[in-house]
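These notes concern the structure reproduced below.
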Amino acid sequence: MLEWVTFSMREFAIAMICVFVTVQISSLCTTVYLHRALSHRAVTLHPAVEWVMRFLIWLTTGIDARAWAAVHRKHHKFSDAEGDPHSPYVHGFWQIQLGNLHYYRLEAANPETIDRYTRDIPRDWWERNVFSSTWAGNALDAAIWVIAFGPVLGVIGVLLHFALYIFLNSSINGAAHWIGYRNYPNSARNLWVLALLTMGEGLHNNHHEFPGSSRFSQRWWEIDAGWYTIAALRAFGLAKPTPSLALGD
């Protein structure tokens, strides 16, 4: 029995590497699929790529894609003004930085928001029968971790990757609307380190200026791994940025 609850430092190190990789995969699928493709229609992904990203989002985060898109679209409509679901200027910086998940869930549970902001996003078979069961994705994710690392280290890994993903997303809605530099005169900010950790999402000032662009980077030193991924997919015919909206296209 004791063998099930003990682990070596090597196993712990491998698990932490897997946590980091999982968070980065979640962040990549969030920015490329949920954000740029689904919410803003800034890029069209090949159906196979789109399905894989939908599956990975469901598996590693349990997010309902339509709800995420609805909340994000409402955020842009009322950006940092009354009606914004998660603005630090409306609700307070620490409330969003530490409690963004709470505010997100409140808005995601509002049927009016979902209906109004996702009329162009149909509920296909996968959405109706698989991906809408967010708890199932979480359960499968946890099972994979426990099988791979055992009950103790597996649970630690699951909790850590969820916590880090939530913190990074909270930082985009909190810190990236509060501190950082601006290339354009809107209320969002750019945070270079956050962009590095979130596949480009931290370049939030740029995004709010050009929300329909699939490219968030504007200066040569701004790191946008989401855009690099889209460019690589485009090279293989697996992604097509919207020409009228994608900067540099």
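Just remember, in the structure tokens the first chain shown is A, the second B, etc., residues are 1-based per chain, and ligands are 1-based in the order shown.
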With only C-alpha atoms counted and 12 Å as the cut-off, give the residues of stretch 124-214 of chain A in contact with stretch 47-58 of chain A, each with its shortest interatomic distance in Å and the pair that gives it, as a tab-separated table.
residue	atom	partner	partner_atom	distance
A:Asp124	CA	A:Trp51	CA	11.6
A:Trp125	CA	A:Trp51	CA	11.9
A:Trp126	CA	A:Trp51	CA	9.1
A:Glu127	CA	A:Arg54	CA	9.4
A:Val130	CA	A:Trp58	CA	8.9
A:Phe131	CA	A:Trp58	CA	6.0
A:Ser132	CA	A:Trp58	CA	8.5
A:Ser133	CA	A:Trp58	CA	8.5
A:Thr134	CA	A:Trp58	CA	6.5
A:Trp135	CA	A:Trp58	CA	9.1
A:Ala136	CA	A:Trp58	CA	8.5
A:Gly137	CA	A:Trp58	CA	5.3
A:Asn138	CA	A:Trp58	CA	7.6
A:Ala139	CA	A:Trp58	CA	10.5
A:Leu140	CA	A:Trp58	CA	9.7
A:Asp141	CA	A:Trp58	CA	9.1
A:Phe162	CA	A:Ile57	CA	11.8
A:Tyr165	CA	A:Ile57	CA	11.3
DSSP on the backbone: what in stretch 18-244 of chain A comes out strand (DSSP E or B), as a PyMOL selection string? chain A and resi 43-45+181+190+203+239-241
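Comparing the minimum interatomic distances between A:Lys77 and each of A:Leu38, A:Gly237, A:Arg116, A:Ala142, counting only C-alpha atoms, we find that A:Arg116 sits nearest.
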Just want the 12 Å neighbourhood of A:His177, counted on only C-alpha atoms, with same-chain residues fewer than 4 positions away dropped. Output as number ranges by chain. A: 75, 79-81, 86-90, 92-94, 96-97, 169-173, 181-182, 186-191, 201-208
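Taking atom CA of A:Gly226 as the reference point, atom CA of A:Pro243 is found at 17.0 Å.
If you count only C-alpha atoms and ignore residues fewer than 6 places along the chain from A:Asp115, what sits within 10 Å of it is A:Arg66, A:Ala67, A:Ala70, A:Ile121.
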Distance query A:Ser8 at most 12 Å, only C-alpha atoms, self and fewer than 6 positions along chain excluded, as a ChimeraX atom specification: /A:14-15,149-150,152-153
Using C-alpha atoms, can you write the selected residues to a file as a PDB file, in the first residue's frame?
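The new file out-v9.pdb reads:
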ATOM      1  CA  ILE A  14       8.990  14.331 -14.476  1.00  0.00           C
ATOM      2  CA  ALA A  15       5.513  15.110 -13.137  1.00  0.00           C
ATOM      3  CA  PHE A 149       1.968   8.887 -11.641  1.00  0.00           C
ATOM      4  CA  GLY A 150      -0.015   7.139  -8.921  1.00  0.00           C
ATOM      5  CA  VAL A 152      -0.726  11.090  -4.719  1.00  0.00           C
ATOM      6  CA  LEU A 153       1.571  12.519  -7.369  1.00  0.00           C
TER       7      LEU A 153
END
Could you tell me how far atom CA of A:Ala235 lies from atom CA of A:Glu222, in Å and to one decimal? 21.4 Å
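Among A:Ala69, A:Leu59, A:Ala13, A:Leu197, the residue with the shortest atom-to-atom distance to A:Leu34, counting only C-alpha atoms, is A:Ala69.
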